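Since the structure comes first, as structure tokens, the remarks are kept for the end.
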Amino acid sequence: MHDTMHHPPASLQEACTSVAVHDLDFCYGASQALTGINLEIPANSVTAFIGPSGCGKSTLLRCINRMNDEIPAARITRGGIRISGIDIYDPSVDVVKLRRDVGMVFQKSNPFPRSIYENVAFGLRLRGERHKTLIDQAVEGALRASALWDEVKDRLHESALGLSGGQQQRLCIARTIAVKPEVILMDEPCSALDPIATAKVEDLIWDLKNDYTFVIVTHNMQQAARVSDKTAFFYMGELIESSDTSKMFSNPSIKKTEEYISGRFG
Amino acid sequence: MFDPEKLIRKGLPKGHFKDLVVRSLLGGTTYFVVIIAALLFGKILIDGAPVLFKAEAPFVDFEFLTSKNQTLHVFDDAQGTRHQLPASEYSAYLAKHEGVPIHNEQTYSYSGGGIAGPIAGTALLTLGSMILALFFGVSAAIYLSEYAKQSPFIHAVRLAILNLAGIPSIVFGLFGFSVFVLAVPVITATPSDRSLLTLPLFIGDYVMSFQGWNSSLMAGCATLACMILPVIITASEESLRAVPQGFRDASLAMGATRWQTIRKCVLPFSLPGILTSSLLAITRVAGETAPIMFTAAVAAKDDLPWQGLKSPFDVLSSQVQALPYHIYTLAARIPSSEFTQRAQYGSVFVFLLLVATLSLGSMILRAKLRAKLKW
């Protein structure tokens with residue numbers, strides 16, 4: 001699995017993309033979901049968001065690629081988010097182009113009811129890519145990178161819905177990396193998967209993190225500890241603590257964090 | 001304490017007779033409906049099927065379907081033989097036997113020949129109205145389901161559309177008459193006297209005259225489309241909403257625009273629902289009499305819709321015969337007799353066959369497409 005890693009162009013590897021959230025307040029209508037979030041997400045690493053349900057971690061994740069724009073009455077009331085120094089909520093930013101650079105994998109795997117090949121080629125076709133060989137190469141590259149190639153290479157043109165749950169989720173990751181984004185957001189990607197499929201997705205994240213900046217929301221403490229370099233703990237719409245994962249799990253500086261991590265609430 | 005003796009019943013169970021009465025009452029009403037349906041279809045089948053089918057190959061009497069509607073002449077010739085001839089053959093007969101007297105002549109309007117005209121008219125009306133209704137209906141459904149924000153105003157719009165579906169078809173007929181037949185604007189050099197308003201266009205002699213399209217195929221199509229629009233909108237919106245939100249999210253998160261998302265990830269998967277509901281809508285459009293009575297239909301017409309036209313576009317502005325209206329004419333305008341039955345039952349039978357085929361088609365289509373597109 002590890003020897004089939006996919007290498008994006010050098011320029012991407014060198015670019016030090018990082019997501020910077022500053023003083024962010026976010027509201028759904030009248031109810032405030034996030035208050036005063038300040039967070040730096042380093043490039044080419046894995047950052048985990050943890051916290052009890054409804055603490056705002058998914059909301060923050062969806063702010064990073066502006067998926068919250070789709071929700072009526074949801075808006076940022078203060079502060080903002082910068083990716084590589086660019087304010088992504090600036091009116092001049094094209095949200096469609098932003099989402100091409102900031103991919104997203106959802107909690108519930110959602111492959112299109114088309115062939116495996118078409119699923120991975122979807123983003124390329126959106127970009128107007130018509131060259132068959134180029135698409136073939138990109139599809140193979142993405143499937144290899146997501147460690148799915150050996151399992152599906154003989155049935156690329158069969159429906160993606162015939163895959164198992166874990167394979168479907170890896171297909172969604174392949175679909176996302178096929179277009180070579182810089183940041184990949186994952187919203188509880190393993191919550192519906194069994195432990196073996198979860199391990200495969202985690203391996204995948206570990207393998208790919210040199211090429212992409214990962215932000216992963218998880219309810220699973222062990223997963224956060226296993227897969228992430230940096231962890232941020234949210235509670236009631238506030239960022240309680242963020243630090244290196246090793247420090248966070250061995251020696252958290254705030255009592256609330258320790259209580260949550262050790263399972264005393266949440 | 002628990003007493004096993006009490007579980008053993010003596011005599012009939014409690015409430016046995018009440019149960020029996022309720023059961024037979026409910027069952028009776030159900031089978032009453034079945035009996036009505038069986039009588040209706042049986043009568044039409046027995047009297048109508050012989051018109052269309054015959055005992056020897058090819059078993060179908062295509063003449064009834066493909067020849068024009070004519071007046072039937074019934075008469076005795078000199079030898080006392082009874083003849084039943086449609087108008088064209090009747091004049092040929094007279095020309096051939098010139099000078100030979102005929103006796104007891106009777107004529108029956110609309111009863112001779114076939115029903116090619118009404119079939120063609122209904123086909124054109126259905127086709128035209130479905131094109132209009134699908135274009136407007138699917139567009140409105142996409143807007144309501146994908147673009148419009150859920151506000152009280154949009155709820156009111158949706159409610160208005162639902163209410164529109166409940167309006168009796170005769171009201172649509174009158175609406176179509178007052179709007180499409182009498183009032184919609186046309187561009188012409190010679191405005192009619194009853195034009196409601198004429199606006200100069202400053203291009204030659206042309207003016208925009210609000211004089212309507214007269215009773216014509218296009219007025220009929222527009223009226224039928226209005227009638228069926230709410231059904232199409234509601235059904236299409238439901239099919240669009242049935243597409244999982246995950247597809248939209250995935251597509252948007254991949255950097256697709258809203259329209260790309262709709263075109264590639266929503267419409268293709270809602271098409272089965274839209275198609276089946278429109279097939280059912282077709283059966284309704286094909287069967288309605290009231291909306292076309294004042295707007296498009298004509299009882300008798302010598303030519304098929306596409307015959308005798310100066311340009312092909314004239315088909316839109318000419319009146320057509322239509323199957324349901326033809327049935328109405330046959331039933332209400334001419335006295336029933338042994339000579340008119342062929343046309344009457346034959347038309348109804350063909351009409352029912354058509355509607356049944358379309359319904360069956362929509363059921364099969366739905367089953368097939370549902371099996372193919374699952375998520």
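If you're wondering about the labels, chains in the structure tokens are A, B, ... by order shown, residues count from 1 in each chain, ligands from 1 in order shown.
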Problem - Test item: chain A residues at most 6 Å from chain B, counting only C-alpha atoms, as a list in words - result: Val96, Arg99, Arg100, Met104 and Asn110 of chain A
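Within stretch 118-255 of chain A, DSSP applied to the backbone places the following residues in strand (DSSP E or B): Ser159, Val183, Ile184, Leu185, Met186, Asp187, Thr213, Phe214, Val215, Ile216, Val217, Lys230, Thr231, Ala232, Phe233, Phe234, Tyr235, Glu238, Leu239, Ile240, Glu241, Ser242, Ser243 and Asp244 of chain A.
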For the residues in the current selection, export N, CA and C atoms as a tab-separated table (two decimals), in the first residue's frame.
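Final file, part01.tsv:
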```
chain	number	residue	atom	x	y	z
A	159	SER	N	-20.51	0.28	-11.26
A	159	SER	CA	-21.06	1.32	-10.39
A	159	SER	C	-20.27	1.41	-9.08
A	183	VAL	N	-5.63	21.76	0.44
A	183	VAL	CA	-6.13	21.41	1.77
A	183	VAL	C	-7.24	20.37	1.59
A	184	ILE	N	-7.25	19.37	2.45
A	184	ILE	CA	-8.35	18.40	2.42
A	184	ILE	C	-9.04	18.41	3.78
A	185	LEU	N	-10.33	18.72	3.76
A	185	LEU	CA	-11.11	18.75	4.99
A	185	LEU	C	-11.87	17.44	5.11
A	186	MET	N	-11.84	16.86	6.30
A	186	MET	CA	-12.55	15.58	6.47
A	186	MET	C	-13.47	15.70	7.67
A	187	ASP	N	-14.76	15.46	7.41
A	187	ASP	CA	-15.75	15.59	8.47
A	187	ASP	C	-16.13	14.19	8.97
A	213	THR	N	-2.50	19.35	3.13
A	213	THR	CA	-2.78	19.78	4.49
A	213	THR	C	-4.13	19.17	4.88
A	214	PHE	N	-4.12	18.34	5.91
A	214	PHE	CA	-5.37	17.68	6.32
A	214	PHE	C	-5.96	18.35	7.54
A	215	VAL	N	-7.28	18.52	7.53
A	215	VAL	CA	-7.99	18.91	8.73
A	215	VAL	C	-9.07	17.85	8.92
A	216	ILE	N	-9.06	17.20	10.07
A	216	ILE	CA	-9.99	16.09	10.26
A	216	ILE	C	-10.80	16.29	11.53
A	217	VAL	N	-12.11	16.22	11.38
A	217	VAL	CA	-12.99	16.28	12.55
A	217	VAL	C	-13.23	14.85	12.98
A	230	LYS	N	-1.41	17.78	15.15
A	230	LYS	CA	-1.84	18.86	16.00
A	230	LYS	C	-3.31	18.63	16.32
A	231	THR	N	-3.73	18.97	17.51
A	231	THR	CA	-5.12	18.75	17.89
A	231	THR	C	-5.71	20.04	18.45
A	232	ALA	N	-6.98	20.28	18.08
A	232	ALA	CA	-7.68	21.44	18.63
A	232	ALA	C	-8.93	20.93	19.32
A	233	PHE	N	-9.14	21.37	20.56
A	233	PHE	CA	-10.30	20.92	21.32
A	233	PHE	C	-11.32	22.05	21.41
A	234	PHE	N	-12.53	21.75	20.98
A	234	PHE	CA	-13.61	22.74	20.97
A	234	PHE	C	-14.65	22.36	22.02
A	235	TYR	N	-15.24	23.41	22.61
A	235	TYR	CA	-16.33	23.16	23.54
A	235	TYR	C	-17.28	24.35	23.51
A	238	GLU	N	-16.36	27.34	21.42
A	238	GLU	CA	-15.09	28.03	21.67
A	238	GLU	C	-13.94	27.05	21.53
A	239	LEU	N	-12.80	27.59	21.12
A	239	LEU	CA	-11.59	26.77	21.05
A	239	LEU	C	-10.97	26.79	22.45
A	240	ILE	N	-10.98	25.63	23.11
A	240	ILE	CA	-10.47	25.58	24.48
A	240	ILE	C	-8.96	25.49	24.47
A	241	GLU	N	-8.44	24.60	23.61
A	241	GLU	CA	-7.00	24.40	23.63
A	241	GLU	C	-6.55	23.84	22.30
A	242	SER	N	-5.41	24.28	21.81
A	242	SER	CA	-4.84	23.63	20.64
A	242	SER	C	-3.34	23.55	20.82
A	243	SER	N	-2.82	22.37	20.54
A	243	SER	CA	-1.37	22.20	20.65
A	243	SER	C	-0.97	20.94	19.90
A	244	ASP	N	0.32	20.58	19.99
A	244	ASP	CA	0.77	19.35	19.36
A	244	ASP	C	0.02	18.18	19.97
```
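Residue nearest B:Lys301 within the list B:Phe210, B:Phe172, B:Tyr110, B:Phe59: B:Tyr110 [criterion: smallest interatomic distance, only C-alpha atoms].
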Problem - A:Glu188 surroundings by only C-alpha atoms, 9 Å radius, close-in-sequence under 2 positions cut, as a list in words - result: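 Here the qualifying residues turn out to be Ser58, Val105, Phe106, Gln107, Lys108, Met186, Cys190, Ser191, Ala192, Ile216, Val217, Thr218, His219 and Asn220 of chain A.
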Practice task
Excluding A:Asn210 and any residue of its chain fewer than 2 positions from it, enumerate the residues within 6 Å of it, using only C-alpha atoms, and give them as JSON, numbers by chain.
Solution key: {"A": [44, 208, 212]}
Write the residues of the selection above to a file with C-alpha atoms, as a PDB file, in the first residue's frame.
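In the end it all went to out_7.pdb:
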```
ATOM      1  CA  ASN A  44       1.507  19.452   5.105  1.00  0.00           C
ATOM      2  CA  LEU A 208      -0.672  11.586   1.931  1.00  0.00           C
ATOM      3  CA  TYR A 212      -1.661  17.853   1.457  1.00  0.00           C
TER       4      TYR A 212
END
```
Practice task
Give the answer as one residue: which of A:Arg62, A:Arg75, A:Lys209, A:Arg170 has the shortest atom-to-atom distance to A:Tyr28, using only C-alpha atoms?
Solution key: A:Arg75
Problem - Selection near B:Gly212, 8 Å with only C-alpha atoms, sequence-local residues under 4 positions removed, as a PyMOL selection string - result: chain B and resi 179-186+195
Handout entry: Which of A:Ser92, A:Thr59, A:Ser84, A:Thr245 sits closest to A:Ala33 [using only C-alpha atoms]
Key =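 Answer, going by the shortest atom-to-atom distance: A:Thr59.
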Exercise for the section: Can you pull out every residue within 9 Å of B:Ala286, counting only C-alpha atoms, but drop anything in the same chain fewer than 6 positions away, and send it as an NGL selection string? Expected result: :B and (122-123 or 125-126 or 322-324 or 351 or 355)
Atoms kept (N, CA, C and O atoms) for selection, written as an mmCIF file, in the first residue's frame:
```
data_model
loop_
_atom_site.group_PDB
_atom_site.id
_atom_site.type_symbol
_atom_site.label_atom_id
_atom_site.label_comp_id
_atom_site.auth_asym_id
_atom_site.auth_seq_id
_atom_site.Cartn_x
_atom_site.Cartn_y
_atom_site.Cartn_z
ATOM 1 N N THR B 122 -55.330 14.738 -31.345
ATOM 2 C CA THR B 122 -54.978 14.498 -29.946
ATOM 3 C C THR B 122 -53.465 14.329 -29.788
ATOM 4 O O THR B 122 -52.867 14.843 -28.839
ATOM 5 N N ALA B 123 -52.856 13.636 -30.750
ATOM 6 C CA ALA B 123 -51.400 13.450 -30.681
ATOM 7 C C ALA B 123 -50.695 14.803 -30.716
ATOM 8 O O ALA B 123 -49.794 15.071 -29.913
ATOM 9 N N LEU B 125 -51.956 17.823 -29.999
ATOM 10 C CA LEU B 125 -52.261 18.593 -28.781
ATOM 11 C C LEU B 125 -51.410 18.108 -27.610
ATOM 12 O O LEU B 125 -50.845 18.905 -26.857
ATOM 13 N N THR B 126 -51.315 16.781 -27.471
ATOM 14 C CA THR B 126 -50.556 16.215 -26.361
ATOM 15 C C THR B 126 -49.085 16.573 -26.481
ATOM 16 O O THR B 126 -48.454 17.024 -25.523
ATOM 17 N N ALA B 322 -60.157 16.235 -31.935
ATOM 18 C CA ALA B 322 -59.473 15.563 -30.835
ATOM 19 C C ALA B 322 -60.325 14.405 -30.360
ATOM 20 O O ALA B 322 -61.553 14.470 -30.402
ATOM 21 N N LEU B 323 -59.670 13.344 -29.936
ATOM 22 C CA LEU B 323 -60.373 12.112 -29.593
ATOM 23 C C LEU B 323 -61.435 12.316 -28.504
ATOM 24 O O LEU B 323 -62.587 11.921 -28.691
ATOM 25 N N PRO B 324 -61.092 12.938 -27.372
ATOM 26 C CA PRO B 324 -62.134 13.074 -26.344
ATOM 27 C C PRO B 324 -63.308 13.943 -26.814
ATOM 28 O O PRO B 324 -64.458 13.651 -26.509
ATOM 29 N N PHE B 351 -59.658 4.949 -27.512
ATOM 30 C CA PHE B 351 -59.227 5.941 -26.531
ATOM 31 C C PHE B 351 -58.777 5.277 -25.231
ATOM 32 O O PHE B 351 -57.689 5.564 -24.703
ATOM 33 N N VAL B 355 -54.998 5.269 -23.486
ATOM 34 C CA VAL B 355 -54.721 5.723 -22.130
ATOM 35 C C VAL B 355 -54.121 4.584 -21.292
ATOM 36 O O VAL B 355 -53.159 4.772 -20.550
#
```
Write out as a short mmCIF file (atom, residue, chain, number, x, y, z; two decimals) with N, CA and C atoms, in the first residue's frame each polymer residue whose atoms come within 7 Å of B:Gly128, counting only C-alpha atoms; drop sequence neighbours fewer than 4 positions from it.
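The resulting file, around.cif, is shown below:
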```cif
data_model
loop_
_atom_site.label_atom_id
_atom_site.label_comp_id
_atom_site.auth_asym_id
_atom_site.auth_seq_id
_atom_site.Cartn_x
_atom_site.Cartn_y
_atom_site.Cartn_z
N LEU B 124 -51.13 15.69 -31.63
CA LEU B 124 -50.49 17.00 -31.75
C LEU B 124 -50.71 17.84 -30.50
N LEU B 132 -44.47 22.32 -23.88
CA LEU B 132 -44.62 23.55 -23.11
C LEU B 132 -44.57 23.28 -21.61
N CYS B 221 -52.91 23.84 -26.98
CA CYS B 221 -51.69 23.35 -26.32
C CYS B 221 -51.38 24.20 -25.09
#
```
Just list the residues in stretch 93-158 of chain A DSSP gives helix (DSSP H, G or I) on the backbone, as a CSV table (one decimal) with N, CA, C and O atoms, in the first residue's frame.
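File produced: states-v7.csv:
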```csv
chain,number,residue,atom,x,y,z
A,95,VAL,N,-15.7,31.5,-5.0
A,95,VAL,CA,-15.9,30.4,-4.1
A,95,VAL,C,-15.7,29.1,-4.8
A,95,VAL,O,-15.2,28.1,-4.3
A,96,VAL,N,-16.1,29.1,-6.1
A,96,VAL,CA,-15.9,27.8,-6.9
A,96,VAL,C,-14.4,27.4,-7.0
A,96,VAL,O,-14.0,26.3,-6.8
A,97,LYS,N,-13.6,28.4,-7.2
A,97,LYS,CA,-12.1,28.2,-7.3
A,97,LYS,C,-11.6,27.8,-6.0
A,97,LYS,O,-10.7,26.9,-5.9
A,98,LEU,N,-12.1,28.5,-4.9
A,98,LEU,CA,-11.6,28.1,-3.6
A,98,LEU,C,-11.8,26.6,-3.3
A,98,LEU,O,-11.0,25.9,-2.8
A,99,ARG,N,-13.0,26.2,-3.6
A,99,ARG,CA,-13.4,24.8,-3.3
A,99,ARG,C,-12.6,23.8,-4.1
A,99,ARG,O,-12.5,22.6,-3.8
A,100,ARG,N,-12.0,24.3,-5.3
A,100,ARG,CA,-11.1,23.4,-6.0
A,100,ARG,C,-9.8,23.2,-5.3
A,100,ARG,O,-9.1,22.2,-5.5
A,101,ASP,N,-9.4,24.2,-4.5
A,101,ASP,CA,-8.2,24.1,-3.8
A,101,ASP,C,-8.4,23.5,-2.4
A,101,ASP,O,-7.4,23.1,-1.8
A,116,ILE,N,-17.0,3.8,-11.0
A,116,ILE,CA,-15.9,4.2,-10.2
A,116,ILE,C,-15.0,5.2,-11.0
A,116,ILE,O,-14.6,6.3,-10.4
A,117,TYR,N,-14.8,4.9,-12.2
A,117,TYR,CA,-13.9,5.8,-13.0
A,117,TYR,C,-14.5,7.2,-13.1
A,117,TYR,O,-13.9,8.2,-12.9
A,118,GLU,N,-15.8,7.3,-13.4
A,118,GLU,CA,-16.5,8.6,-13.6
A,118,GLU,C,-16.5,9.4,-12.3
A,118,GLU,O,-16.4,10.6,-12.3
A,119,ASN,N,-16.6,8.7,-11.1
A,119,ASN,CA,-16.5,9.4,-9.9
A,119,ASN,C,-15.2,10.1,-9.7
A,119,ASN,O,-15.2,11.3,-9.3
A,120,VAL,N,-14.1,9.4,-10.0
A,120,VAL,CA,-12.8,10.0,-9.8
A,120,VAL,C,-12.6,11.1,-10.9
A,120,VAL,O,-11.9,12.1,-10.6
A,121,ALA,N,-13.1,10.9,-12.1
A,121,ALA,CA,-12.9,11.8,-13.1
A,121,ALA,C,-13.8,13.1,-13.0
A,121,ALA,O,-13.5,14.0,-13.7
A,122,PHE,N,-14.7,13.0,-12.1
A,122,PHE,CA,-15.7,14.1,-12.0
A,122,PHE,C,-15.1,15.5,-11.9
A,122,PHE,O,-15.4,16.4,-12.7
A,123,GLY,N,-14.2,15.6,-11.0
A,123,GLY,CA,-13.6,16.9,-10.8
A,123,GLY,C,-12.8,17.4,-12.0
A,123,GLY,O,-12.8,18.6,-12.3
A,124,LEU,N,-12.1,16.4,-12.6
A,124,LEU,CA,-11.3,16.8,-13.8
A,124,LEU,C,-12.2,17.3,-14.9
A,124,LEU,O,-11.9,18.2,-15.6
A,125,ARG,N,-13.3,16.6,-15.1
A,125,ARG,CA,-14.2,16.9,-16.2
A,125,ARG,C,-14.9,18.3,-15.9
A,125,ARG,O,-15.1,19.1,-16.8
A,126,LEU,N,-15.1,18.6,-14.6
A,126,LEU,CA,-15.6,19.9,-14.2
A,126,LEU,C,-14.6,21.0,-14.7
A,126,LEU,O,-15.1,22.1,-15.0
A,132,LYS,N,-8.4,12.2,-22.9
A,132,LYS,CA,-8.7,10.9,-22.3
A,132,LYS,C,-7.5,10.4,-21.6
A,132,LYS,O,-7.6,9.9,-20.4
A,133,THR,N,-6.3,10.4,-22.2
A,133,THR,CA,-5.1,9.8,-21.5
A,133,THR,C,-4.8,10.6,-20.2
A,133,THR,O,-4.4,9.9,-19.2
A,134,LEU,N,-4.9,11.9,-20.2
A,134,LEU,CA,-4.7,12.7,-19.0
A,134,LEU,C,-5.6,12.3,-17.9
A,134,LEU,O,-5.2,12.1,-16.8
A,135,ILE,N,-6.9,12.1,-18.3
A,135,ILE,CA,-7.9,11.7,-17.3
A,135,ILE,C,-7.6,10.3,-16.8
A,135,ILE,O,-7.6,10.1,-15.5
A,136,ASP,N,-7.3,9.4,-17.7
A,136,ASP,CA,-6.9,8.0,-17.3
A,136,ASP,C,-5.8,8.0,-16.3
A,136,ASP,O,-5.8,7.4,-15.3
A,137,GLN,N,-4.7,8.8,-16.6
A,137,GLN,CA,-3.6,8.9,-15.7
A,137,GLN,C,-4.0,9.4,-14.3
A,137,GLN,O,-3.6,8.9,-13.3
A,138,ALA,N,-4.7,10.5,-14.4
A,138,ALA,CA,-5.1,11.1,-13.1
A,138,ALA,C,-6.0,10.2,-12.3
A,138,ALA,O,-5.8,10.1,-11.0
A,139,VAL,N,-6.9,9.5,-12.9
A,139,VAL,CA,-7.8,8.5,-12.2
A,139,VAL,C,-6.9,7.5,-11.6
A,139,VAL,O,-7.0,7.1,-10.4
A,140,GLU,N,-6.0,6.9,-12.4
A,140,GLU,CA,-5.1,5.8,-11.8
A,140,GLU,C,-4.3,6.4,-10.7
A,140,GLU,O,-4.2,5.7,-9.6
A,141,GLY,N,-3.7,7.6,-10.9
A,141,GLY,CA,-2.9,8.1,-9.8
A,141,GLY,C,-3.7,8.3,-8.5
A,141,GLY,O,-3.2,8.0,-7.5
A,142,ALA,N,-4.9,8.9,-8.7
A,142,ALA,CA,-5.7,9.1,-7.5
A,142,ALA,C,-6.1,7.8,-6.8
A,142,ALA,O,-6.1,7.7,-5.6
A,143,LEU,N,-6.4,6.8,-7.6
A,143,LEU,CA,-6.8,5.6,-7.0
A,143,LEU,C,-5.7,4.9,-6.3
A,143,LEU,O,-5.8,4.2,-5.3
A,144,ARG,N,-4.5,5.0,-7.0
A,144,ARG,CA,-3.3,4.4,-6.3
A,144,ARG,C,-3.0,5.1,-5.0
A,144,ARG,O,-2.7,4.5,-4.0
A,145,ALA,N,-3.1,6.4,-5.1
A,145,ALA,CA,-2.7,7.2,-3.9
A,145,ALA,C,-3.7,6.9,-2.8
A,145,ALA,O,-3.3,6.9,-1.6
A,149,TRP,N,-6.5,1.2,-5.9
A,149,TRP,CA,-6.2,0.8,-7.3
A,149,TRP,C,-6.3,-0.7,-7.4
A,149,TRP,O,-7.0,-1.3,-8.3
A,150,ASP,N,-5.6,-1.5,-6.6
A,150,ASP,CA,-5.5,-2.9,-6.7
A,150,ASP,C,-6.9,-3.6,-6.5
A,150,ASP,O,-7.2,-4.6,-7.1
A,151,GLU,N,-7.7,-2.9,-5.7
A,151,GLU,CA,-9.0,-3.5,-5.4
A,151,GLU,C,-10.0,-3.2,-6.6
A,151,GLU,O,-11.0,-4.0,-6.8
A,152,VAL,N,-9.9,-2.1,-7.3
A,152,VAL,CA,-10.9,-1.8,-8.3
A,152,VAL,C,-10.4,-1.7,-9.7
A,152,VAL,O,-11.2,-1.5,-10.6
A,153,LYS,N,-9.1,-2.0,-10.0
A,153,LYS,CA,-8.6,-1.8,-11.3
A,153,LYS,C,-9.3,-2.6,-12.4
A,153,LYS,O,-9.4,-2.2,-13.5
A,154,ASP,N,-9.9,-3.8,-12.0
A,154,ASP,CA,-10.6,-4.6,-12.9
A,154,ASP,C,-12.0,-4.2,-13.1
A,154,ASP,O,-12.7,-4.8,-13.9
A,155,ARG,N,-12.5,-3.3,-12.3
A,155,ARG,CA,-14.0,-3.0,-12.4
A,155,ARG,C,-14.2,-1.5,-12.4
A,155,ARG,O,-15.1,-1.0,-11.7
```
Exercise for the section: Could you check how far atom CA of B:Val348 sits from atom CA of B:Phe53, in Å to one decimal? Expected result: 14.0 Å
Handout entry: Interatomic distance, atom CA of B:Leu199 to atom CA of B:Met218 (Å, one decimal)
Key =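 Between these atoms lies a distance of 22.5 Å.
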